[in-house]
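Asker: The following file, structure-v8.csv, comprises CSV, C-alpha atoms and all ligand atoms:
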```
chain,number,residue,atom,x,y,z
A,13,MET,CA,7.1,-72.4,50.6
A,14,ASP,CA,5.5,-71.7,53.9
A,15,GLN,CA,1.8,-72.3,53.5
A,16,LYS,CA,0.9,-71.3,57.0
A,17,LYS,CA,-1.5,-68.5,57.6
A,18,ILE,CA,0.3,-65.4,59.0
A,19,ILE,CA,-0.9,-63.8,62.2
A,20,THR,CA,0.6,-60.3,62.7
A,21,VAL,CA,1.1,-60.1,66.5
A,22,PHE,CA,1.5,-56.6,68.0
A,23,GLY,CA,3.2,-56.5,71.4
A,24,ALA,CA,4.9,-59.7,70.6
A,25,THR,CA,7.8,-59.0,73.0
A,26,GLY,CA,5.3,-58.2,75.8
A,27,ALA,CA,2.8,-60.1,78.0
A,28,GLN,CA,-0.3,-60.6,75.9
A,29,GLY,CA,1.3,-60.7,72.4
A,30,GLY,CA,4.2,-62.8,73.7
A,31,GLY,CA,1.7,-65.4,75.1
A,32,LEU,CA,0.1,-65.6,71.7
A,33,ALA,CA,3.3,-65.6,69.7
A,34,LYS,CA,4.9,-68.4,71.8
A,35,ALA,CA,1.7,-70.5,71.9
A,36,ILE,CA,1.7,-70.6,68.0
A,37,LEU,CA,5.5,-71.1,67.7
A,38,LEU,CA,5.5,-73.9,70.3
A,39,ASP,CA,2.8,-75.8,68.4
A,40,ALA,CA,4.6,-77.6,65.7
A,41,ASN,CA,1.4,-78.5,63.9
A,42,SER,CA,0.0,-75.0,64.0
A,43,GLU,CA,-1.8,-73.9,60.9
A,44,PHE,CA,-0.5,-70.4,61.7
A,45,SER,CA,2.9,-68.6,61.5
A,46,VAL,CA,3.9,-65.5,63.5
A,47,ARG,CA,4.8,-62.1,62.3
A,48,ALA,CA,6.1,-60.6,65.5
A,49,VAL,CA,6.0,-56.8,65.8
A,50,THR,CA,8.6,-54.9,67.8
A,51,ARG,CA,10.2,-51.5,67.7
A,52,ASP,CA,13.6,-53.1,68.2
A,53,VAL,CA,14.3,-56.2,66.2
A,54,ASN,CA,17.7,-56.6,67.9
A,55,SER,CA,16.4,-56.9,71.5
A,56,ASP,CA,16.9,-60.2,73.4
A,57,LYS,CA,13.2,-60.8,73.3
A,58,ALA,CA,13.0,-60.2,69.6
A,59,LYS,CA,15.9,-62.5,69.0
A,60,GLU,CA,14.3,-65.2,71.1
A,61,LEU,CA,11.1,-65.0,69.0
A,62,SER,CA,13.2,-65.2,65.8
A,63,ALA,CA,15.1,-68.3,67.1
A,64,MET,CA,11.7,-69.9,67.8
A,65,GLY,CA,10.7,-69.4,64.2
A,66,ALA,CA,8.9,-66.1,64.1
A,67,GLU,CA,9.3,-63.5,61.3
A,68,VAL,CA,10.3,-60.5,63.4
A,69,VAL,CA,9.5,-57.2,61.9
A,70,ALA,CA,9.9,-53.6,63.0
A,71,GLY,CA,6.8,-51.4,63.5
A,72,ASP,CA,5.2,-48.8,65.6
A,73,ILE,CA,1.5,-48.6,66.4
A,74,ASP,CA,1.7,-44.8,66.2
A,75,ASP,CA,2.5,-45.0,62.5
A,76,THR,CA,-0.5,-46.2,60.3
A,77,ASN,CA,1.7,-46.7,57.3
A,78,SER,CA,4.0,-49.0,59.3
A,79,ILE,CA,0.9,-51.0,60.4
A,80,LYS,CA,-0.3,-51.3,56.8
A,81,LYS,CA,3.0,-52.9,55.8
A,82,LEU,CA,2.9,-55.3,58.7
A,83,LEU,CA,-0.6,-56.5,57.7
A,84,GLU,CA,0.3,-57.3,54.0
A,85,GLY,CA,-0.4,-60.9,53.2
A,86,ALA,CA,-1.6,-61.7,56.7
A,87,TYR,CA,-4.6,-63.9,57.6
A,88,GLY,CA,-5.1,-62.4,61.0
A,89,ALA,CA,-3.9,-59.8,63.5
A,90,PHE,CA,-3.7,-59.5,67.2
A,91,PHE,CA,-4.2,-55.8,68.2
A,92,VAL,CA,-3.2,-54.6,71.6
A,93,THR,CA,-2.4,-51.0,72.8
A,94,PHE,CA,0.0,-50.0,75.6
A,95,PHE,CA,-1.7,-47.6,77.8
A,96,TRP,CA,0.9,-47.6,80.6
A,97,ALA,CA,3.6,-46.5,78.1
A,98,HIS,CA,1.9,-43.0,78.0
A,99,TYR,CA,-1.1,-43.0,80.3
A,100,SER,CA,-3.3,-41.2,77.8
A,101,ALA,CA,-6.8,-42.5,76.8
A,102,GLU,CA,-6.8,-40.1,73.8
A,103,LYS,CA,-3.5,-41.4,72.5
A,104,GLU,CA,-4.7,-45.0,73.0
A,105,TYR,CA,-7.9,-44.2,71.0
A,106,GLN,CA,-5.8,-42.7,68.2
A,107,GLU,CA,-3.7,-45.9,68.2
A,108,VAL,CA,-6.8,-48.0,67.7
A,109,THR,CA,-7.9,-45.6,64.9
A,110,ASN,CA,-4.5,-46.4,63.3
A,111,PHE,CA,-5.1,-50.1,63.6
A,112,VAL,CA,-8.6,-49.8,62.0
A,113,SER,CA,-7.5,-47.6,59.2
A,114,ALA,CA,-4.6,-49.8,58.3
A,115,ALA,CA,-6.8,-52.9,58.5
A,116,LYS,CA,-9.5,-51.6,56.2
A,117,ASP,CA,-7.9,-52.6,52.9
A,118,ALA,CA,-5.7,-55.3,54.3
A,119,GLY,CA,-8.1,-58.2,53.6
A,120,LEU,CA,-7.6,-59.7,57.0
A,121,GLN,CA,-9.9,-62.7,57.8
A,122,HIS,CA,-9.7,-62.4,61.6
A,123,ILE,CA,-8.7,-59.7,64.0
A,124,ILE,CA,-8.6,-60.1,67.8
A,125,TRP,CA,-8.8,-56.7,69.6
A,126,SER,CA,-7.6,-56.8,73.2
A,127,THR,CA,-10.1,-54.6,74.9
A,128,LEU,CA,-11.8,-53.7,78.2
A,129,GLU,CA,-15.2,-52.1,79.2
A,130,ASP,CA,-16.0,-48.5,78.6
A,131,THR,CA,-17.0,-48.0,82.2
A,132,ARG,CA,-18.9,-44.9,81.4
A,133,ASN,CA,-21.7,-47.2,80.3
A,134,TRP,CA,-22.1,-48.1,84.0
A,135,VAL,CA,-20.8,-44.9,85.6
A,136,PRO,CA,-21.7,-41.9,83.5
A,137,LEU,CA,-19.5,-38.8,83.8
A,138,GLU,CA,-22.1,-37.1,86.0
A,139,ASP,CA,-22.0,-40.0,88.5
A,140,ASN,CA,-19.9,-38.6,91.3
A,141,ARG,CA,-19.1,-41.9,93.0
A,142,MET,CA,-15.7,-41.5,91.3
A,143,PRO,CA,-13.9,-38.5,89.9
A,144,THR,CA,-13.8,-37.9,86.1
A,145,LEU,CA,-10.2,-38.2,84.8
A,146,GLN,CA,-8.4,-36.8,81.8
A,147,GLY,CA,-11.5,-34.6,81.1
A,148,LYS,CA,-14.0,-37.2,80.0
A,149,TYR,CA,-13.1,-40.6,81.4
A,150,LYS,CA,-13.8,-42.6,84.5
A,151,VAL,CA,-11.3,-45.4,84.0
A,152,PRO,CA,-9.1,-44.0,81.2
A,153,HIS,CA,-7.2,-47.2,80.5
A,154,PHE,CA,-10.5,-49.1,80.2
A,155,ASP,CA,-12.7,-46.4,78.6
A,156,GLY,CA,-10.5,-45.5,75.6
A,157,LYS,CA,-10.3,-49.2,74.7
A,158,GLY,CA,-14.0,-49.9,75.1
A,159,PHE,CA,-15.0,-46.7,73.3
A,160,ALA,CA,-12.8,-47.8,70.4
A,161,ASP,CA,-14.7,-51.2,70.0
A,162,ASN,CA,-17.2,-49.5,67.7
A,163,LEU,CA,-14.5,-48.4,65.2
A,164,PHE,CA,-14.0,-52.1,64.2
A,165,THR,CA,-17.7,-52.7,63.9
A,166,GLU,CA,-18.3,-49.5,61.9
A,167,ALA,CA,-15.5,-50.4,59.5
A,168,GLY,CA,-17.1,-53.9,59.0
A,169,LEU,CA,-13.9,-55.7,60.1
A,170,PRO,CA,-14.0,-59.4,61.1
A,171,VAL,CA,-13.2,-58.9,64.8
A,172,THR,CA,-13.4,-60.8,68.1
A,173,PHE,CA,-13.4,-58.5,71.1
A,174,LEU,CA,-11.2,-60.1,73.8
A,175,ARG,CA,-12.0,-58.7,77.3
A,176,THR,CA,-8.9,-59.3,79.4
A,177,SER,CA,-8.5,-59.5,83.2
A,178,PHE,CA,-6.2,-58.2,85.9
A,179,TYR,CA,-2.8,-60.0,85.5
A,180,TRP,CA,-1.5,-61.9,88.6
A,181,ASP,CA,1.9,-60.8,87.1
A,182,ASN,CA,1.1,-57.4,88.5
A,183,PHE,CA,2.2,-58.8,91.9
A,184,ILE,CA,5.7,-59.1,90.2
A,185,TYR,CA,6.0,-56.3,87.7
A,186,PHE,CA,3.4,-53.6,88.5
A,187,GLY,CA,4.3,-52.8,92.1
A,188,MET,CA,1.2,-54.6,93.5
A,189,GLY,CA,3.1,-57.3,95.4
A,190,PRO,CA,3.0,-57.7,99.2
A,191,LYS,CA,4.4,-54.7,101.1
A,192,LYS,CA,5.7,-54.8,104.7
A,193,GLY,CA,3.6,-52.8,107.1
A,194,GLU,CA,4.8,-51.1,110.3
A,195,ASP,CA,3.8,-54.2,112.2
A,196,GLY,CA,6.4,-56.3,110.1
A,197,LYS,CA,3.6,-58.3,108.4
A,198,TYR,CA,3.0,-58.2,104.7
A,199,TYR,CA,-0.1,-56.7,103.0
A,200,ILE,CA,-1.7,-56.6,99.6
A,201,THR,CA,-3.8,-53.5,99.2
A,202,LEU,CA,-7.0,-53.5,97.1
A,203,PRO,CA,-10.1,-51.4,97.4
A,204,MET,CA,-12.4,-54.4,96.7
A,205,ASP,CA,-14.1,-55.1,100.1
A,206,ASP,CA,-15.0,-58.8,99.9
A,207,LYS,CA,-15.7,-58.9,96.2
A,208,LYS,CA,-13.9,-61.3,93.9
A,209,LEU,CA,-11.3,-60.1,91.4
A,210,ALA,CA,-11.4,-61.9,88.0
A,211,ALA,CA,-7.7,-62.3,87.2
A,212,ILE,CA,-5.4,-64.4,84.9
A,213,ALA,CA,-1.8,-65.3,84.2
A,214,ALA,CA,-0.9,-62.7,81.6
A,215,ASP,CA,0.5,-65.3,79.1
A,216,ASP,CA,-2.8,-67.2,79.3
A,217,ILE,CA,-4.5,-64.2,77.6
A,218,GLY,CA,-2.4,-64.8,74.5
A,219,LYS,CA,-3.0,-68.5,74.7
A,220,CYS,CA,-6.8,-67.8,74.8
A,221,ALA,CA,-6.3,-65.6,71.8
A,222,TYR,CA,-4.7,-68.5,70.0
A,223,GLY,CA,-7.7,-70.7,70.9
A,224,ILE,CA,-9.9,-68.0,69.3
A,225,PHE,CA,-7.9,-68.0,66.1
A,226,LYS,CA,-8.1,-71.8,66.0
A,227,LYS,CA,-11.9,-71.6,66.1
A,228,GLY,CA,-11.9,-70.0,62.6
A,229,ASN,CA,-14.7,-67.6,62.0
A,230,LYS,CA,-16.9,-69.0,64.8
A,231,LEU,CA,-16.1,-66.2,67.3
A,232,ILE,CA,-16.1,-63.3,64.8
A,233,GLY,CA,-18.4,-60.5,66.0
A,234,LYS,CA,-18.4,-61.9,69.6
A,235,THR,CA,-17.1,-60.5,72.8
A,236,ILE,CA,-15.1,-63.1,74.8
A,237,GLY,CA,-14.1,-62.4,78.4
A,238,VAL,CA,-11.3,-64.5,79.9
A,239,ALA,CA,-10.1,-65.2,83.5
A,240,GLY,CA,-8.2,-67.9,85.2
A,241,GLU,CA,-9.8,-67.6,88.6
A,242,LYS,CA,-12.0,-65.1,90.6
A,243,LEU,CA,-10.7,-64.6,94.2
A,244,SER,CA,-11.3,-62.1,96.9
A,245,GLY,CA,-8.4,-60.1,98.4
A,246,GLN,CA,-8.6,-62.3,101.4
A,247,GLU,CA,-8.4,-65.5,99.3
A,248,MET,CA,-5.4,-64.2,97.3
A,249,ALA,CA,-3.6,-63.2,100.6
A,250,GLU,CA,-4.1,-66.7,101.9
A,251,LYS,CA,-2.7,-68.3,98.8
A,252,LEU,CA,0.2,-65.8,98.7
A,253,SER,CA,1.0,-66.7,102.3
A,254,SER,CA,1.2,-70.4,101.5
A,255,ALA,CA,3.3,-69.9,98.4
A,256,LEU,CA,5.7,-67.3,99.9
A,257,GLY,CA,6.0,-68.8,103.3
A,258,VAL,CA,5.3,-65.5,105.0
A,259,GLU,CA,2.1,-64.1,106.4
A,260,VAL,CA,0.3,-62.0,103.8
A,261,ASN,CA,-2.8,-60.1,104.8
A,262,TYR,CA,-5.5,-58.3,102.8
A,263,ASN,CA,-5.5,-54.6,103.4
A,264,ASN,CA,-8.9,-53.5,102.3
A,265,VAL,CA,-9.0,-49.7,101.7
A,266,SER,CA,-11.5,-47.4,100.2
A,267,PRO,CA,-11.2,-46.4,96.5
A,268,GLU,CA,-10.6,-42.8,97.8
A,269,THR,CA,-7.6,-44.0,99.8
A,270,PHE,CA,-6.3,-46.0,96.9
A,271,ARG,CA,-6.6,-43.0,94.5
A,272,GLY,CA,-4.7,-40.9,97.0
A,273,PHE,CA,-1.6,-43.2,97.0
A,274,GLY,CA,-0.1,-40.8,94.5
A,275,PHE,CA,1.9,-43.1,92.2
A,276,PRO,CA,1.3,-42.5,88.5
A,277,GLY,CA,-2.0,-44.0,87.5
A,278,ALA,CA,-3.3,-44.4,91.1
A,279,ASP,CA,-6.4,-42.4,90.4
A,280,ASP,CA,-7.1,-44.5,87.3
A,281,LEU,CA,-6.6,-47.8,89.2
A,282,GLY,CA,-8.6,-46.6,92.2
A,283,ASN,CA,-11.5,-46.0,89.8
A,284,MET,CA,-10.9,-49.3,88.1
A,285,PHE,CA,-11.1,-51.3,91.3
A,286,GLN,CA,-14.2,-49.4,92.4
A,287,PHE,CA,-15.8,-50.3,89.1
A,288,LYS,CA,-14.9,-53.9,89.5
A,289,ARG,CA,-16.3,-53.8,93.1
A,290,ASP,CA,-19.5,-52.0,92.4
A,291,PHE,CA,-20.4,-53.9,89.2
A,292,ASN,CA,-18.8,-57.1,90.3
A,293,GLU,CA,-21.5,-59.4,89.0
A,294,GLU,CA,-21.5,-58.0,85.5
A,295,TYR,CA,-17.7,-57.5,85.3
A,296,ASN,CA,-17.0,-61.1,86.5
A,297,GLY,CA,-20.0,-62.5,84.7
A,298,ILE,CA,-18.6,-61.9,81.2
A,299,ARG,CA,-15.2,-63.4,82.1
A,300,ASP,CA,-15.9,-67.1,81.6
A,301,ILE,CA,-13.3,-69.4,83.2
A,302,ALA,CA,-14.8,-72.6,81.6
A,303,PHE,CA,-14.7,-71.1,78.1
A,304,ALA,CA,-11.2,-69.7,78.7
A,305,LYS,CA,-10.2,-73.3,79.6
A,306,GLU,CA,-11.7,-74.6,76.4
A,307,LEU,CA,-9.7,-72.0,74.4
A,308,ASP,CA,-6.5,-72.6,76.5
A,309,PRO,CA,-6.6,-76.1,78.0
A,310,GLN,CA,-3.5,-75.3,80.1
A,311,LEU,CA,-5.2,-72.2,81.7
A,312,LYS,CA,-3.7,-71.7,85.1
A,313,ASN,CA,-5.6,-70.9,88.4
A,314,PHE,CA,-3.9,-68.7,91.0
A,315,ASP,CA,-2.2,-71.7,92.8
A,316,GLN,CA,-0.8,-73.0,89.5
A,317,TRP,CA,0.5,-69.5,88.6
A,318,LEU,CA,2.0,-69.1,92.1
A,319,ALA,CA,3.7,-72.5,91.8
A,320,VAL,CA,5.7,-71.2,88.8
A,321,ASN,CA,6.0,-67.5,89.7
A,322,ALA,CA,6.0,-67.1,93.5
A,323,ALA,CA,9.8,-66.9,93.7
A,324,LYS,CA,9.7,-63.8,91.4
A,325,ILE,CA,7.4,-61.8,93.7
A,326,PRO,CA,9.5,-59.1,95.4
A,327,LEU,CA,8.9,-58.8,99.1
A,328,ASN,CA,9.5,-55.3,100.3
B,1,LIG,N1,-1.6,-55.2,83.8
B,1,LIG,C1,-2.8,-55.7,83.8
B,1,LIG,O1,-3.3,-56.3,84.7
B,1,LIG,C2,-3.6,-55.6,82.5
B,1,LIG,C3,-4.8,-56.3,82.5
B,1,LIG,C4,-5.6,-56.2,81.3
B,1,LIG,C5,-5.2,-55.4,80.3
B,1,LIG,N2,-4.1,-54.7,80.4
B,1,LIG,C6,-3.7,-53.9,79.2
B,1,LIG,O2,-2.6,-54.5,78.5
B,1,LIG,C7,-2.0,-53.5,77.7
B,1,LIG,C8,-0.6,-53.8,77.5
B,1,LIG,O3,-0.4,-55.1,77.1
B,1,LIG,P1,0.8,-56.0,77.6
B,1,LIG,O4,0.8,-56.1,79.1
B,1,LIG,O5,0.9,-57.2,76.8
B,1,LIG,O6,2.1,-55.0,77.2
B,1,LIG,P2,3.6,-55.2,77.7
B,1,LIG,O7,3.9,-56.5,78.3
B,1,LIG,O8,3.9,-53.9,78.4
B,1,LIG,O9,4.3,-55.2,76.3
B,1,LIG,C9,4.3,-54.2,75.4
B,1,LIG,C10,5.2,-54.5,74.2
B,1,LIG,O10,4.7,-53.8,73.2
B,1,LIG,C11,5.7,-53.1,72.5
B,1,LIG,N3,5.4,-51.7,72.3
B,1,LIG,C12,5.3,-50.7,73.2
B,1,LIG,N4,5.0,-49.5,72.6
B,1,LIG,C13,4.8,-49.8,71.3
B,1,LIG,C14,4.5,-49.1,70.1
B,1,LIG,N5,4.3,-47.8,70.1
B,1,LIG,N6,4.5,-49.7,68.9
B,1,LIG,C15,4.7,-51.1,68.8
B,1,LIG,N7,5.0,-51.8,69.9
B,1,LIG,C16,5.1,-51.2,71.1
B,1,LIG,C17,7.0,-53.3,73.4
B,1,LIG,O11,7.8,-54.0,72.6
B,1,LIG,P3,9.2,-53.4,71.9
B,1,LIG,O12,9.9,-52.6,73.0
B,1,LIG,O13,9.9,-54.7,71.6
B,1,LIG,O14,8.7,-52.6,70.8
B,1,LIG,C18,6.5,-54.1,74.6
B,1,LIG,O15,7.3,-55.3,74.7
B,1,LIG,C19,-2.3,-52.2,78.3
B,1,LIG,O16,-3.1,-51.4,77.4
B,1,LIG,C20,-3.1,-52.5,79.5
B,1,LIG,O17,-4.1,-51.6,79.8
B,1,LIG,C21,-3.2,-54.8,81.4
```
Before we go any further, please render this structure as structure tokens.
Ligand SMILES: NC(=O)c1ccc[n+]([C@@H]2O[C@H](COP(=O)([O-])OP(=O)(O)OC[C@H]3O[C@@H](n4cnc5c(N)ncnc54)[C@H](OP(=O)(O)O)[C@@H]3O)[C@@H](O)[C@H]2O)c1
Answerer:
Amino acid sequence: MDQKKIITVFGATGAQGGGLAKAILLDANSEFSVRAVTRDVNSDKAKELSAMGAEVVAGDIDDTNSIKKLLEGAYGAFFVTFFWAHYSAEKEYQEVTNFVSAAKDAGLQHIIWSTLEDTRNWVPLEDNRMPTLQGKYKVPHFDGKGFADNLFTEAGLPVTFLRTSFYWDNFIYFGMGPKKGEDGKYYITLPMDDKKLAAIAADDIGKCAYGIFKKGNKLIGKTIGVAGEKLSGQEMAEKLSSALGVEVNYNNVSPETFRGFGFPGADDLGNMFQFKRDFNEEYNGIRDIAFAKELDPQLKNFDQWLAVNAAKIPLN
């Protein structure tokens, strides 16, 4: 009989949950086993996890009863929500409510909640430096998560709050890669002035989560911020240039300009970068590279991430 402690991993076929699931599955001596949650147990990614030894189960975070079943007999759970699947902070908050209500009687010993700051603690709604979005948020995909932190505390759940960072993978999958300007040169566009952006390889978030679970109850009740490196737009452009073999420049625009780009979520991301720029010391301060490295000894810096991923960055 398998005596390993079960971790129920939400988003197991995605970036963060996938990083955690694979970190556990690739560690032959792990004290944990993986219950990988997906809406489609027949997808290629689900089958890959199954072949690696995961128990792959169907579930949906919009259904509290389904979450309850997924937590039965588990030691721990990794909770992550998927803002960009619906763009709604209200829905995201409801999804965290579902997690918490399902976890209340589940007897879990350790939960990791993948969260971000409620930026309204720094930029109240009446602060006009950035527009209020979705009626009562400044950075909807941050605020809904941060506001939900309290739900875990109020329910008395054994939780570690994991504050994640910008994924470098956004240069590949999120439309943030270098774009060709009218002058034929490539540009990355960020409204960050010369401030440094705390960022990480997306799979390292899951590996850090594994490090947190491995520390037992030591980090319960704590907020842990992780990053792989903190670089300015200029520094990232230089490293991209070396890795891609083309000249990449940093196009520093105002947050207003960024919000006006018009793609879905541009206003949310414009506010987010402005928050990271204007509260740079506090935002970067809580994201501790040295501690992330202790949790994930293979933690990558940007050059190491580029060495593996540069070829996947679309140049257009
Ligand atoms: N991009 C960034 O730079 C960044 C940085 C920090 C934090 N974040 C946050 O990261 C979160 C997303 O995490 P991620 O990047 O790991 O996600 P992801 O890679 O997009 O993966 C999401 C996975 O979750 C599953 N999923 C989607 N909707 C679901 C539902 N209703 N119920 C159950 N499973 C569902 C999907 O799997 P199936 O199709 O197999 O069900 C999918 O593979 C977002 O909330 C975002 O705000 C992003």
Asker: Report the distance between CA of Lys226 in chain A and CA of Lys312 in chain A in Å, rounded to one decimal place.
Answerer: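 Here the two named atoms are 19.6 Å from each other.
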Asker: Using only C-alpha atoms, which of A:Lys157, A:Lys234, A:Lys207, A:Lys305 sits nearest Val92 in chain A?
Answerer: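 Of A:Lys157, A:Lys234, A:Lys207, A:Lys305, the one nearest Val92 in chain A, counting only C-alpha atoms, is A:Lys157.
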Asker: Calculated over all atoms listed in the file, which of the candidates A:Val260, A:Leu311, A:Ala33, A:Ala58 has the smallest distance to ligand LIG 1 (chain B)?
Answerer: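 Selected residue with least distance to ligand LIG 1 (chain B): A:Ala58.
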Asker: What would the list of residues within 10 Å of (-3.3, -62.9, 97.5) (file frame) look like as JSON, numbers by chain, if all atoms listed in the file are what count?
Answerer: {"A": [180, 183, 189, 190, 199, 200, 201, 243, 244, 245, 246, 247, 248, 249, 250, 251, 252, 253, 254, 255, 260, 261, 262, 314, 318]}
Asker: Rounded to one decimal, what separation in Å do you get between CA of Thr76 in chain A and CA of Pro170 in chain A?
Answerer: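 Separation between CA of Thr76 in chain A and CA of Pro170 in chain A: 18.9 Å.
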Asker: Write out as JSON lines the residues of chain A that have any atom within 6 Å of an atom of ligand LIG 1 (chain B), one row each with the nearest atom pair and its distance in Å to one decimal, counting all atoms listed in the file, sorted by chain and then rising number.
Answerer:
```
{"residue": "A:Gly23", "atom": "CA", "partner": "B:LIG1", "partner_atom": "O10", "distance": 3.6}
{"residue": "A:Thr25", "atom": "CA", "partner": "B:LIG1", "partner_atom": "O15", "distance": 4.1}
{"residue": "A:Gly26", "atom": "CA", "partner": "B:LIG1", "partner_atom": "O9", "distance": 3.2}
{"residue": "A:Ala27", "atom": "CA", "partner": "B:LIG1", "partner_atom": "O5", "distance": 3.7}
{"residue": "A:Gln28", "atom": "CA", "partner": "B:LIG1", "partner_atom": "O5", "distance": 3.7}
{"residue": "A:Gly29", "atom": "CA", "partner": "B:LIG1", "partner_atom": "O5", "distance": 5.6}
{"residue": "A:Thr50", "atom": "CA", "partner": "B:LIG1", "partner_atom": "O14", "distance": 3.8}
{"residue": "A:Arg51", "atom": "CA", "partner": "B:LIG1", "partner_atom": "O14", "distance": 3.6}
{"residue": "A:Asp52", "atom": "CA", "partner": "B:LIG1", "partner_atom": "O13", "distance": 5.3}
{"residue": "A:Gly71", "atom": "CA", "partner": "B:LIG1", "partner_atom": "C15", "distance": 5.7}
{"residue": "A:Asp72", "atom": "CA", "partner": "B:LIG1", "partner_atom": "N6", "distance": 3.5}
{"residue": "A:Ile73", "atom": "CA", "partner": "B:LIG1", "partner_atom": "N6", "distance": 4.1}
{"residue": "A:Asp74", "atom": "CA", "partner": "B:LIG1", "partner_atom": "N5", "distance": 5.6}
{"residue": "A:Thr93", "atom": "CA", "partner": "B:LIG1", "partner_atom": "O16", "distance": 4.7}
{"residue": "A:Phe94", "atom": "CA", "partner": "B:LIG1", "partner_atom": "O16", "distance": 3.8}
{"residue": "A:Phe95", "atom": "CA", "partner": "B:LIG1", "partner_atom": "O16", "distance": 4.1}
{"residue": "A:His153", "atom": "CA", "partner": "B:LIG1", "partner_atom": "O17", "distance": 5.4}
{"residue": "A:Thr176", "atom": "CA", "partner": "B:LIG1", "partner_atom": "C4", "distance": 4.9}
{"residue": "A:Ser177", "atom": "CA", "partner": "B:LIG1", "partner_atom": "C4", "distance": 4.8}
{"residue": "A:Phe178", "atom": "CA", "partner": "B:LIG1", "partner_atom": "O1", "distance": 3.7}
{"residue": "A:Tyr179", "atom": "CA", "partner": "B:LIG1", "partner_atom": "O1", "distance": 3.8}
{"residue": "A:Asn182", "atom": "CA", "partner": "B:LIG1", "partner_atom": "N1", "distance": 5.8}
```
Asker: Quick check, in Å to one decimal: how far apart do CA of Asn133 in chain A and CA of Glu306 in chain A lie?
Answerer: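 Computing it gives 29.4 Å between the two atoms.
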Asker: Do a neighbour search on Asn292 in chain A at 9 Å with only C-alpha atoms, toss out local chain neighbours closer than 5 positions, and write the hits as a ChimeraX atom specification.
Answerer: /A:207-209,287,297
Asker: Would you output that residue set with C-alpha atoms, as a short mmCIF file (atom, residue, chain, number, x, y, z; two decimals), in the coordinates of the input?
Answerer:
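Contents of result-v7.cif, freshly written:
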```cif
data_model
loop_
_atom_site.label_atom_id
_atom_site.label_comp_id
_atom_site.auth_asym_id
_atom_site.auth_seq_id
_atom_site.Cartn_x
_atom_site.Cartn_y
_atom_site.Cartn_z
CA LYS A 207 -15.70 -58.90 96.20
CA LYS A 208 -13.90 -61.30 93.90
CA LEU A 209 -11.30 -60.10 91.40
CA PHE A 287 -15.80 -50.30 89.10
CA GLY A 297 -20.00 -62.50 84.70
#
```
Asker: Applying 8 Å and all atoms listed in the file, which residues near Asn328 in chain A remain after dropping the ones on its own chain fewer than 2 positions away? List them as a list of chain:residue names.
Answerer: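 Listed by chain and then number, they are A:Pro190, A:Lys191, A:Lys192, A:Pro326.
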